[in-house]
>>> print(open('coords11.cif').read())   # mmCIF, N, CA, C and O atoms
data_data
#
loop_
_atom_site.label_atom_id
_atom_site.label_comp_id
_atom_site.auth_asym_id
_atom_site.auth_seq_id
_atom_site.Cartn_x
_atom_site.Cartn_y
_atom_site.Cartn_z
N MET A 1097 -30.86 -0.01 -19.54
CA MET A 1097 -30.33 0.67 -18.38
C MET A 1097 -29.14 1.54 -18.80
O MET A 1097 -28.43 1.23 -19.74
N ARG A 1098 -28.93 2.57 -18.04
CA ARG A 1098 -27.91 3.54 -18.42
C ARG A 1098 -26.50 3.11 -18.00
O ARG A 1098 -25.54 3.26 -18.74
N TYR A 1099 -26.37 2.60 -16.79
CA TYR A 1099 -25.04 2.26 -16.26
C TYR A 1099 -24.96 0.78 -15.91
O TYR A 1099 -25.94 0.17 -15.52
N GLU A 1100 -23.75 0.24 -16.01
CA GLU A 1100 -23.45 -1.10 -15.55
C GLU A 1100 -22.55 -0.99 -14.34
O GLU A 1100 -21.50 -0.32 -14.40
N TYR A 1101 -22.93 -1.61 -13.27
CA TYR A 1101 -22.19 -1.56 -12.01
C TYR A 1101 -21.62 -2.95 -11.74
O TYR A 1101 -22.32 -3.95 -11.86
N THR A 1102 -20.35 -3.02 -11.36
CA THR A 1102 -19.74 -4.28 -10.96
C THR A 1102 -19.80 -4.35 -9.44
O THR A 1102 -19.15 -3.58 -8.75
N VAL A 1103 -20.60 -5.27 -8.95
CA VAL A 1103 -20.81 -5.44 -7.51
C VAL A 1103 -19.94 -6.60 -7.05
O VAL A 1103 -20.08 -7.72 -7.55
N THR A 1104 -19.02 -6.34 -6.12
CA THR A 1104 -18.10 -7.36 -5.63
C THR A 1104 -18.31 -7.54 -4.13
O THR A 1104 -18.23 -6.59 -3.37
N LYS A 1105 -18.60 -8.78 -3.73
CA LYS A 1105 -18.76 -9.08 -2.31
C LYS A 1105 -17.40 -9.21 -1.66
O LYS A 1105 -16.38 -9.34 -2.33
N ASP A 1106 -17.38 -9.20 -0.32
CA ASP A 1106 -16.12 -9.37 0.41
C ASP A 1106 -15.47 -10.72 0.12
O ASP A 1106 -14.25 -10.85 0.17
N SER A 1107 -16.28 -11.71 -0.22
CA SER A 1107 -15.74 -13.04 -0.52
C SER A 1107 -15.07 -13.10 -1.89
O SER A 1107 -14.42 -14.09 -2.21
N GLY A 1108 -15.24 -12.05 -2.71
CA GLY A 1108 -14.60 -12.00 -4.01
C GLY A 1108 -15.52 -12.29 -5.18
O GLY A 1108 -15.11 -12.20 -6.33
N GLU A 1109 -16.77 -12.66 -4.91
CA GLU A 1109 -17.73 -12.93 -5.97
C GLU A 1109 -18.14 -11.62 -6.64
O GLU A 1109 -18.55 -10.69 -5.97
N ALA A 1110 -18.02 -11.56 -7.96
CA ALA A 1110 -18.39 -10.35 -8.71
C ALA A 1110 -19.66 -10.60 -9.51
O ALA A 1110 -19.89 -11.70 -10.00
N GLU A 1111 -20.48 -9.55 -9.63
CA GLU A 1111 -21.74 -9.64 -10.35
C GLU A 1111 -21.97 -8.29 -11.03
O GLU A 1111 -21.66 -7.24 -10.48
N ILE A 1112 -22.50 -8.32 -12.23
CA ILE A 1112 -22.80 -7.08 -12.93
C ILE A 1112 -24.29 -6.79 -12.80
O ILE A 1112 -25.12 -7.65 -13.10
N MET A 1113 -24.61 -5.60 -12.32
CA MET A 1113 -25.99 -5.16 -12.19
C MET A 1113 -26.17 -3.90 -13.02
O MET A 1113 -25.25 -3.10 -13.16
N LYS A 1114 -27.36 -3.73 -13.58
CA LYS A 1114 -27.65 -2.55 -14.38
C LYS A 1114 -28.71 -1.71 -13.68
O LYS A 1114 -29.64 -2.25 -13.08
N ALA A 1115 -28.53 -0.38 -13.74
CA ALA A 1115 -29.48 0.54 -13.11
C ALA A 1115 -29.38 1.89 -13.79
O ALA A 1115 -28.40 2.20 -14.46
N MET A 1116 -30.40 2.70 -13.61
CA MET A 1116 -30.42 4.03 -14.20
C MET A 1116 -29.64 5.05 -13.38
O MET A 1116 -29.21 6.06 -13.90
N SER A 1117 -29.48 4.79 -12.08
CA SER A 1117 -28.76 5.73 -11.24
C SER A 1117 -28.15 5.00 -10.05
O SER A 1117 -28.49 3.86 -9.75
N TRP A 1118 -27.26 5.70 -9.35
CA TRP A 1118 -26.60 5.15 -8.17
C TRP A 1118 -27.61 4.84 -7.08
O TRP A 1118 -27.57 3.79 -6.45
N LYS A 1119 -28.54 5.76 -6.84
CA LYS A 1119 -29.54 5.56 -5.78
C LYS A 1119 -30.42 4.36 -6.05
O LYS A 1119 -30.75 3.60 -5.14
N LYS A 1120 -30.81 4.16 -7.31
CA LYS A 1120 -31.65 3.02 -7.66
C LYS A 1120 -30.88 1.71 -7.53
O LYS A 1120 -31.45 0.68 -7.16
N LEU A 1121 -29.59 1.73 -7.82
CA LEU A 1121 -28.78 0.53 -7.64
C LEU A 1121 -28.69 0.16 -6.17
O LEU A 1121 -28.86 -1.01 -5.82
N ILE A 1122 -28.42 1.13 -5.31
CA ILE A 1122 -28.31 0.86 -3.87
C ILE A 1122 -29.61 0.28 -3.33
O ILE A 1122 -29.62 -0.68 -2.57
N LYS A 1123 -30.73 0.85 -3.77
CA LYS A 1123 -32.04 0.37 -3.31
C LYS A 1123 -32.25 -1.09 -3.72
O LYS A 1123 -32.64 -1.92 -2.90
N SER A 1124 -31.98 -1.42 -4.99
CA SER A 1124 -32.18 -2.79 -5.45
C SER A 1124 -31.15 -3.75 -4.84
O SER A 1124 -31.46 -4.91 -4.57
N LEU A 1125 -29.92 -3.27 -4.62
CA LEU A 1125 -28.88 -4.10 -4.02
C LEU A 1125 -29.24 -4.49 -2.59
O LEU A 1125 -29.09 -5.64 -2.18
N LEU A 1126 -29.73 -3.52 -1.81
CA LEU A 1126 -30.07 -3.80 -0.42
C LEU A 1126 -31.36 -4.60 -0.29
O LEU A 1126 -31.58 -5.26 0.72
N LEU A 1127 -32.22 -4.57 -1.30
CA LEU A 1127 -33.38 -5.46 -1.30
C LEU A 1127 -32.95 -6.90 -1.57
O LEU A 1127 -33.51 -7.83 -1.00
N LYS A 1128 -31.95 -7.06 -2.42
CA LYS A 1128 -31.45 -8.39 -2.78
C LYS A 1128 -30.59 -8.98 -1.66
O LYS A 1128 -30.75 -10.14 -1.30
N TYR A 1129 -29.64 -8.19 -1.15
CA TYR A 1129 -28.75 -8.60 -0.06
C TYR A 1129 -28.90 -7.57 1.06
O TYR A 1129 -28.33 -6.48 0.98
N GLU A 1130 -29.63 -7.91 2.10
CA GLU A 1130 -29.98 -6.94 3.15
C GLU A 1130 -28.77 -6.36 3.87
O GLU A 1130 -28.66 -5.16 4.09
N LYS A 1131 -27.81 -7.19 4.25
CA LYS A 1131 -26.61 -6.74 4.97
C LYS A 1131 -25.39 -6.90 4.08
O LYS A 1131 -24.43 -7.58 4.41
N PHE A 1132 -25.40 -6.26 2.92
CA PHE A 1132 -24.33 -6.40 1.93
C PHE A 1132 -23.04 -5.76 2.42
O PHE A 1132 -23.05 -4.66 2.96
N SER A 1133 -21.93 -6.47 2.22
CA SER A 1133 -20.60 -5.93 2.49
C SER A 1133 -19.73 -6.19 1.27
O SER A 1133 -19.64 -7.32 0.80
N GLY A 1134 -19.14 -5.13 0.76
CA GLY A 1134 -18.29 -5.25 -0.42
C GLY A 1134 -18.11 -3.89 -1.06
O GLY A 1134 -18.15 -2.87 -0.37
N TRP A 1135 -17.92 -3.86 -2.38
CA TRP A 1135 -17.74 -2.59 -3.06
C TRP A 1135 -18.40 -2.62 -4.42
O TRP A 1135 -18.64 -3.68 -4.99
N VAL A 1136 -18.68 -1.42 -4.93
CA VAL A 1136 -19.33 -1.26 -6.23
C VAL A 1136 -18.45 -0.35 -7.08
O VAL A 1136 -18.01 0.70 -6.62
N THR A 1137 -18.19 -0.76 -8.31
CA THR A 1137 -17.37 0.01 -9.23
C THR A 1137 -18.17 0.30 -10.48
O THR A 1137 -18.88 -0.57 -10.98
N TYR A 1138 -18.06 1.55 -10.97
CA TYR A 1138 -18.74 1.92 -12.20
C TYR A 1138 -18.02 3.09 -12.86
O TYR A 1138 -17.15 3.71 -12.27
N ILE A 1139 -18.39 3.39 -14.10
CA ILE A 1139 -17.84 4.53 -14.83
C ILE A 1139 -18.93 5.57 -14.94
O ILE A 1139 -20.02 5.29 -15.47
N ASN A 1140 -18.66 6.77 -14.42
CA ASN A 1140 -19.68 7.82 -14.43
C ASN A 1140 -19.80 8.46 -15.81
O ASN A 1140 -19.10 8.09 -16.75
N LYS A 1141 -20.71 9.43 -15.94
CA LYS A 1141 -21.00 10.01 -17.25
C LYS A 1141 -19.83 10.80 -17.83
O LYS A 1141 -19.78 11.05 -19.02
N LYS A 1142 -18.86 11.18 -17.00
CA LYS A 1142 -17.68 11.88 -17.50
C LYS A 1142 -16.53 10.94 -17.81
O LYS A 1142 -15.45 11.38 -18.18
N GLY A 1143 -16.76 9.63 -17.64
CA GLY A 1143 -15.75 8.64 -18.00
C GLY A 1143 -14.77 8.30 -16.89
O GLY A 1143 -13.77 7.64 -17.14
N ASN A 1144 -15.04 8.75 -15.67
CA ASN A 1144 -14.15 8.46 -14.55
C ASN A 1144 -14.63 7.23 -13.79
O ASN A 1144 -15.82 7.06 -13.57
N VAL A 1145 -13.69 6.40 -13.37
CA VAL A 1145 -14.03 5.20 -12.61
C VAL A 1145 -14.32 5.60 -11.17
O VAL A 1145 -13.54 6.32 -10.54
N GLN A 1146 -15.45 5.13 -10.65
CA GLN A 1146 -15.87 5.42 -9.28
C GLN A 1146 -15.96 4.11 -8.52
O GLN A 1146 -16.49 3.13 -9.05
N THR A 1147 -15.48 4.09 -7.29
CA THR A 1147 -15.59 2.91 -6.43
C THR A 1147 -16.17 3.34 -5.10
O THR A 1147 -15.68 4.27 -4.47
N LYS A 1148 -17.23 2.66 -4.69
CA LYS A 1148 -17.89 2.95 -3.41
C LYS A 1148 -17.84 1.70 -2.55
O LYS A 1148 -18.07 0.58 -3.04
N VAL A 1149 -17.56 1.87 -1.27
CA VAL A 1149 -17.47 0.75 -0.33
C VAL A 1149 -18.74 0.72 0.51
O VAL A 1149 -19.18 1.75 1.01
N ILE A 1150 -19.29 -0.49 0.67
CA ILE A 1150 -20.50 -0.68 1.47
C ILE A 1150 -20.19 -1.72 2.53
O ILE A 1150 -19.66 -2.79 2.22
N ASP A 1151 -20.49 -1.40 3.79
CA ASP A 1151 -20.23 -2.32 4.90
C ASP A 1151 -21.51 -2.49 5.70
O ASP A 1151 -22.06 -1.51 6.20
N GLU A 1152 -21.97 -3.73 5.82
CA GLU A 1152 -23.19 -4.07 6.56
C GLU A 1152 -24.40 -3.25 6.09
O GLU A 1152 -25.22 -2.79 6.89
N GLY A 1153 -24.49 -3.00 4.78
CA GLY A 1153 -25.63 -2.30 4.23
C GLY A 1153 -25.55 -0.79 4.29
O GLY A 1153 -26.49 -0.10 3.94
N LYS A 1154 -24.42 -0.23 4.73
CA LYS A 1154 -24.26 1.22 4.82
C LYS A 1154 -23.03 1.66 4.04
O LYS A 1154 -22.01 1.00 4.06
N ILE A 1155 -23.15 2.80 3.37
CA ILE A 1155 -22.04 3.33 2.58
C ILE A 1155 -20.98 3.89 3.51
O ILE A 1155 -21.28 4.65 4.44
N VAL A 1156 -19.73 3.50 3.28
CA VAL A 1156 -18.61 4.00 4.07
C VAL A 1156 -18.11 5.28 3.41
O VAL A 1156 -17.69 5.27 2.26
N HIS A 1157 -18.20 6.39 4.11
CA HIS A 1157 -17.75 7.68 3.60
C HIS A 1157 -16.29 7.90 3.99
O HIS A 1157 -15.92 7.71 5.13
N GLU A 1158 -15.50 8.30 3.02
CA GLU A 1158 -14.10 8.58 3.28
C GLU A 1158 -14.00 9.97 3.91
O GLU A 1158 -14.82 10.85 3.63
N SER A 1159 -13.00 10.18 4.73
CA SER A 1159 -12.81 11.49 5.32
C SER A 1159 -12.28 12.44 4.26
O SER A 1159 -11.54 12.04 3.35
N LYS A 1160 -12.65 13.70 4.34
CA LYS A 1160 -12.24 14.68 3.35
C LYS A 1160 -10.78 15.04 3.56
O LYS A 1160 -10.30 15.16 4.69
N ARG A 1161 -10.09 15.23 2.45
CA ARG A 1161 -8.68 15.60 2.51
C ARG A 1161 -8.55 17.11 2.51
O ARG A 1161 -9.33 17.81 1.88
N ASN A 1162 -7.55 17.63 3.21
CA ASN A 1162 -7.33 19.07 3.24
C ASN A 1162 -6.39 19.49 2.16
O ASN A 1162 -5.47 18.96 1.80
#
>>> encode(input="coords11.cif", output="C-alpha coordinates")
Amino acid sequence: MRYEYTVTKDSGEAEIMKAMSWKKLIKSLLLKYEKFSGWVTYINKKGNVQTKVIDEGKIVHESKRN
(Lines of atoms letter the chains of each structure in order from A and count residues from 1; the text may use other names and numbers.)
(Lines give C-alpha, C1' and ligand atoms only; values in the text may rest on other atoms or scores of the structure.)
Protein backbone atom coordinates (compact mmCIF):
# COMPACT_ATOMS: atom_id res chain seq x y z
CA MET A 1 0.00 0.00 0.00
CA ARG A 2 1.14 3.51 -0.70
CA TYR A 3 0.04 5.40 2.42
CA GLU A 4 -0.34 4.60 6.10
CA TYR A 5 -3.21 6.34 7.83
CA THR A 6 -3.55 6.67 11.61
CA VAL A 7 -7.23 6.30 12.42
CA THR A 8 -8.18 7.58 15.88
CA LYS A 9 -11.65 7.10 17.35
CA ASP A 10 -13.26 9.65 19.68
CA SER A 11 -12.57 7.28 22.56
CA GLY A 12 -8.83 7.60 21.88
CA GLU A 13 -8.19 4.18 20.33
CA ALA A 14 -5.67 4.48 17.48
CA GLU A 15 -5.28 2.05 14.58
CA ILE A 16 -3.03 2.10 11.52
CA MET A 17 -4.70 1.34 8.20
CA LYS A 18 -3.04 1.13 4.80
CA ALA A 19 -4.61 2.22 1.52
CA MET A 20 -3.64 3.44 -1.93
CA SER A 21 -5.66 6.65 -1.70
CA TRP A 22 -7.79 8.79 0.60
CA LYS A 23 -11.04 7.77 -1.13
CA LYS A 24 -10.26 4.06 -0.81
CA LEU A 25 -9.45 4.49 2.88
CA ILE A 26 -12.77 6.25 3.55
CA LYS A 27 -14.66 3.52 1.72
CA SER A 28 -12.99 0.71 3.69
CA LEU A 29 -13.25 2.64 6.98
CA LEU A 30 -16.99 3.18 6.61
CA LEU A 31 -17.50 -0.48 5.68
CA LYS A 32 -15.68 -1.48 8.88
CA TYR A 33 -17.26 1.16 11.17
CA GLU A 34 -20.54 2.40 9.68
CA LYS A 35 -21.02 5.48 11.92
CA PHE A 36 -17.35 6.30 12.56
CA SER A 37 -16.51 9.39 14.61
CA GLY A 38 -12.91 10.48 15.03
CA TRP A 39 -10.04 11.71 12.88
CA VAL A 40 -7.55 10.41 10.35
CA THR A 41 -3.95 11.62 10.08
CA TYR A 42 -1.51 10.91 7.27
CA ILE A 43 1.47 12.34 5.39
CA ASN A 44 0.72 13.29 1.79
CA LYS A 45 3.05 12.84 -1.19
CA LYS A 46 4.63 16.27 -0.60
CA GLY A 47 5.51 15.39 3.00
CA ASN A 48 2.85 17.52 4.70
CA VAL A 49 0.82 16.16 7.61
CA GLN A 50 -2.91 16.09 6.86
CA THR A 51 -5.67 15.62 9.44
CA LYS A 52 -9.30 15.02 8.49
CA VAL A 53 -12.20 14.91 10.96
CA ILE A 54 -15.08 12.47 10.47
CA ASP A 55 -18.32 12.73 12.48
CA GLU A 56 -21.06 10.09 12.26
CA GLY A 57 -19.61 8.75 9.00
CA LYS A 58 -19.38 12.14 7.25
CA ILE A 59 -16.33 14.30 6.63
CA VAL A 60 -16.43 17.61 8.50
CA HIS A 61 -15.38 20.41 6.13
CA GLU A 62 -13.71 23.43 7.65
CA SER A 63 -14.90 26.85 6.57
CA LYS A 64 -12.59 28.63 4.14
CA ARG A 65 -10.47 31.44 5.51
CA ASN A 66 -10.37 34.83 3.80
>>> select_by_dssp(input="coords11.cif", residues="chain A", states="alpha helix (DSSP H)", output="JSON, numbers by chain")
{"A": [1118, 1119, 1120, 1121, 1122, 1123, 1124, 1125, 1126, 1127, 1128]}
>>> write_last_selection(input="coords11.cif", atoms="N, CA, C and O atoms", output="CSV table (one decimal), keeping the file's coordinate frame")
chain,number,residue,atom,x,y,z
A,1118,TRP,N,-27.3,5.7,-9.4
A,1118,TRP,CA,-26.6,5.2,-8.2
A,1118,TRP,C,-27.6,4.8,-7.1
A,1118,TRP,O,-27.6,3.8,-6.4
A,1119,LYS,N,-28.5,5.8,-6.8
A,1119,LYS,CA,-29.5,5.6,-5.8
A,1119,LYS,C,-30.4,4.4,-6.0
A,1119,LYS,O,-30.8,3.6,-5.1
A,1120,LYS,N,-30.8,4.2,-7.3
A,1120,LYS,CA,-31.6,3.0,-7.7
A,1120,LYS,C,-30.9,1.7,-7.5
A,1120,LYS,O,-31.4,0.7,-7.2
A,1121,LEU,N,-29.6,1.7,-7.8
A,1121,LEU,CA,-28.8,0.5,-7.6
A,1121,LEU,C,-28.7,0.2,-6.2
A,1121,LEU,O,-28.9,-1.0,-5.8
A,1122,ILE,N,-28.4,1.1,-5.3
A,1122,ILE,CA,-28.3,0.9,-3.9
A,1122,ILE,C,-29.6,0.3,-3.3
A,1122,ILE,O,-29.6,-0.7,-2.6
A,1123,LYS,N,-30.7,0.8,-3.8
A,1123,LYS,CA,-32.0,0.4,-3.3
A,1123,LYS,C,-32.2,-1.1,-3.7
A,1123,LYS,O,-32.6,-1.9,-2.9
A,1124,SER,N,-32.0,-1.4,-5.0
A,1124,SER,CA,-32.2,-2.8,-5.4
A,1124,SER,C,-31.2,-3.8,-4.8
A,1124,SER,O,-31.5,-4.9,-4.6
A,1125,LEU,N,-29.9,-3.3,-4.6
A,1125,LEU,CA,-28.9,-4.1,-4.0
A,1125,LEU,C,-29.2,-4.5,-2.6
A,1125,LEU,O,-29.1,-5.6,-2.2
A,1126,LEU,N,-29.7,-3.5,-1.8
A,1126,LEU,CA,-30.1,-3.8,-0.4
A,1126,LEU,C,-31.4,-4.6,-0.3
A,1126,LEU,O,-31.6,-5.3,0.7
A,1127,LEU,N,-32.2,-4.6,-1.3
A,1127,LEU,CA,-33.4,-5.5,-1.3
A,1127,LEU,C,-33.0,-6.9,-1.6
A,1127,LEU,O,-33.5,-7.8,-1.0
A,1128,LYS,N,-32.0,-7.1,-2.4
A,1128,LYS,CA,-31.4,-8.4,-2.8
A,1128,LYS,C,-30.6,-9.0,-1.7
A,1128,LYS,O,-30.8,-10.1,-1.3
>>> residues_around(input="coords11.cif", residues="Glu1109 of chain A", least_positions_apart="4", cutoff="8 Å", atoms="only N, CA, C and O atoms", output="number ranges by chain")
A: 1102-1105, 1133-1135
>>> write_last_selection(input="coords11.cif", atoms="N, CA, C and O atoms", output="short mmCIF file (atom, residue, chain, number, x, y, z; two decimals), in the coordinates of the input")
data_model
loop_
_atom_site.label_atom_id
_atom_site.label_comp_id
_atom_site.auth_asym_id
_atom_site.auth_seq_id
_atom_site.Cartn_x
_atom_site.Cartn_y
_atom_site.Cartn_z
N THR A 1102 -20.35 -3.02 -11.36
CA THR A 1102 -19.74 -4.28 -10.96
C THR A 1102 -19.80 -4.35 -9.44
O THR A 1102 -19.15 -3.58 -8.75
N VAL A 1103 -20.60 -5.27 -8.95
CA VAL A 1103 -20.81 -5.44 -7.51
C VAL A 1103 -19.94 -6.60 -7.05
O VAL A 1103 -20.08 -7.72 -7.55
N THR A 1104 -19.02 -6.34 -6.12
CA THR A 1104 -18.10 -7.36 -5.63
C THR A 1104 -18.31 -7.54 -4.13
O THR A 1104 -18.23 -6.59 -3.37
N LYS A 1105 -18.60 -8.78 -3.73
CA LYS A 1105 -18.76 -9.08 -2.31
C LYS A 1105 -17.40 -9.21 -1.66
O LYS A 1105 -16.38 -9.34 -2.33
N SER A 1133 -21.93 -6.47 2.22
CA SER A 1133 -20.60 -5.93 2.49
C SER A 1133 -19.73 -6.19 1.27
O SER A 1133 -19.64 -7.32 0.80
N GLY A 1134 -19.14 -5.13 0.76
CA GLY A 1134 -18.29 -5.25 -0.42
C GLY A 1134 -18.11 -3.89 -1.06
O GLY A 1134 -18.15 -2.87 -0.37
N TRP A 1135 -17.92 -3.86 -2.38
CA TRP A 1135 -17.74 -2.59 -3.06
C TRP A 1135 -18.40 -2.62 -4.42
O TRP A 1135 -18.64 -3.68 -4.99
#
>>> resolve_selection(input="coords11.cif", expression="the PyMOL selection byres ((chain A and resi 1097-1100) around 5)", output="PDB file with N, CA, C and O atoms, in the coordinates of the input")
ATOM      1  N   TYR A1101     -22.930  -1.610 -13.270  1.00  0.00           N
ATOM      2  CA  TYR A1101     -22.190  -1.560 -12.010  1.00  0.00           C
ATOM      3  C   TYR A1101     -21.620  -2.950 -11.740  1.00  0.00           C
ATOM      4  O   TYR A1101     -22.320  -3.950 -11.860  1.00  0.00           O
ATOM      5  N   THR A1102     -20.350  -3.020 -11.360  1.00  0.00           N
ATOM      6  CA  THR A1102     -19.740  -4.280 -10.960  1.00  0.00           C
ATOM      7  C   THR A1102     -19.800  -4.350  -9.440  1.00  0.00           C
ATOM      8  O   THR A1102     -19.150  -3.580  -8.750  1.00  0.00           O
ATOM      9  N   MET A1113     -24.610  -5.600 -12.320  1.00  0.00           N
ATOM     10  CA  MET A1113     -25.990  -5.160 -12.190  1.00  0.00           C
ATOM     11  C   MET A1113     -26.170  -3.900 -13.020  1.00  0.00           C
ATOM     12  O   MET A1113     -25.250  -3.100 -13.160  1.00  0.00           O
ATOM     13  N   LYS A1114     -27.360  -3.730 -13.580  1.00  0.00           N
ATOM     14  CA  LYS A1114     -27.650  -2.550 -14.380  1.00  0.00           C
ATOM     15  C   LYS A1114     -28.710  -1.710 -13.680  1.00  0.00           C
ATOM     16  O   LYS A1114     -29.640  -2.250 -13.080  1.00  0.00           O
ATOM     17  N   ALA A1115     -28.530  -0.380 -13.740  1.00  0.00           N
ATOM     18  CA  ALA A1115     -29.480   0.540 -13.110  1.00  0.00           C
ATOM     19  C   ALA A1115     -29.380   1.890 -13.790  1.00  0.00           C
ATOM     20  O   ALA A1115     -28.400   2.200 -14.460  1.00  0.00           O
ATOM     21  N   MET A1116     -30.400   2.700 -13.610  1.00  0.00           N
ATOM     22  CA  MET A1116     -30.420   4.030 -14.200  1.00  0.00           C
ATOM     23  C   MET A1116     -29.640   5.050 -13.380  1.00  0.00           C
ATOM     24  O   MET A1116     -29.210   6.060 -13.900  1.00  0.00           O
ATOM     25  N   THR A1137     -18.190  -0.760  -8.310  1.00  0.00           N
ATOM     26  CA  THR A1137     -17.370   0.010  -9.230  1.00  0.00           C
ATOM     27  C   THR A1137     -18.170   0.300 -10.480  1.00  0.00           C
ATOM     28  O   THR A1137     -18.880  -0.570 -10.980  1.00  0.00           O
ATOM     29  N   TYR A1138     -18.060   1.550 -10.970  1.00  0.00           N
ATOM     30  CA  TYR A1138     -18.740   1.920 -12.200  1.00  0.00           C
ATOM     31  C   TYR A1138     -18.020   3.090 -12.860  1.00  0.00           C
ATOM     32  O   TYR A1138     -17.150   3.710 -12.270  1.00  0.00           O
ATOM     33  N   ILE A1139     -18.390   3.390 -14.100  1.00  0.00           N
ATOM     34  CA  ILE A1139     -17.840   4.530 -14.830  1.00  0.00           C
ATOM     35  C   ILE A1139     -18.930   5.570 -14.940  1.00  0.00           C
ATOM     36  O   ILE A1139     -20.020   5.290 -15.470  1.00  0.00           O
TER      37      ILE A1139
END
>>> resolve_selection(input="coords11.cif", expression="the PyMOL selection byres (((chain A and resi 1152 and name CA) around 8) and name CA)", output="PyMOL selection string")
chain A and resi 1131-1133+1150-1151+1153-1154
>>> write_last_selection(input="coords11.cif", atoms="N, CA, C and O atoms", output="PDB file, keeping the file's coordinate frame")
ATOM      1  N   LYS A1131     -27.810  -7.190   4.250  1.00  0.00           N
ATOM      2  CA  LYS A1131     -26.610  -6.740   4.970  1.00  0.00           C
ATOM      3  C   LYS A1131     -25.390  -6.900   4.080  1.00  0.00           C
ATOM      4  O   LYS A1131     -24.430  -7.580   4.410  1.00  0.00           O
ATOM      5  N   PHE A1132     -25.400  -6.260   2.920  1.00  0.00           N
ATOM      6  CA  PHE A1132     -24.330  -6.400   1.930  1.00  0.00           C
ATOM      7  C   PHE A1132     -23.040  -5.760   2.420  1.00  0.00           C
ATOM      8  O   PHE A1132     -23.050  -4.660   2.960  1.00  0.00           O
ATOM      9  N   SER A1133     -21.930  -6.470   2.220  1.00  0.00           N
ATOM     10  CA  SER A1133     -20.600  -5.930   2.490  1.00  0.00           C
ATOM     11  C   SER A1133     -19.730  -6.190   1.270  1.00  0.00           C
ATOM     12  O   SER A1133     -19.640  -7.320   0.800  1.00  0.00           O
ATOM     13  N   ILE A1150     -19.290  -0.490   0.670  1.00  0.00           N
ATOM     14  CA  ILE A1150     -20.500  -0.680   1.470  1.00  0.00           C
ATOM     15  C   ILE A1150     -20.190  -1.720   2.530  1.00  0.00           C
ATOM     16  O   ILE A1150     -19.660  -2.790   2.220  1.00  0.00           O
ATOM     17  N   ASP A1151     -20.490  -1.400   3.790  1.00  0.00           N
ATOM     18  CA  ASP A1151     -20.230  -2.320   4.900  1.00  0.00           C
ATOM     19  C   ASP A1151     -21.510  -2.490   5.700  1.00  0.00           C
ATOM     20  O   ASP A1151     -22.060  -1.510   6.200  1.00  0.00           O
ATOM     21  N   GLY A1153     -24.490  -3.000   4.780  1.00  0.00           N
ATOM     22  CA  GLY A1153     -25.630  -2.300   4.230  1.00  0.00           C
ATOM     23  C   GLY A1153     -25.550  -0.790   4.290  1.00  0.00           C
ATOM     24  O   GLY A1153     -26.490  -0.100   3.940  1.00  0.00           O
ATOM     25  N   LYS A1154     -24.420  -0.230   4.730  1.00  0.00           N
ATOM     26  CA  LYS A1154     -24.260   1.220   4.820  1.00  0.00           C
ATOM     27  C   LYS A1154     -23.030   1.660   4.040  1.00  0.00           C
ATOM     28  O   LYS A1154     -22.010   1.000   4.060  1.00  0.00           O
TER      29      LYS A1154
END
>>> select_by_dssp(input="coords11.cif", residues="chain A", states="strand (DSSP E or B)", output="list in words")
Tyr1099, Glu1100, Tyr1101, Thr1102, Val1103, Thr1104, Lys1105, Ala1110, Glu1111, Ile1112, Met1113, Lys1114, Ala1115, Gly1134, Trp1135, Val1136, Thr1137, Tyr1138, Ile1139, Val1145, Gln1146, Thr1147, Lys1148, Val1149, Ile1150, Asp1151, Lys1154 and Ile1155 of chain A
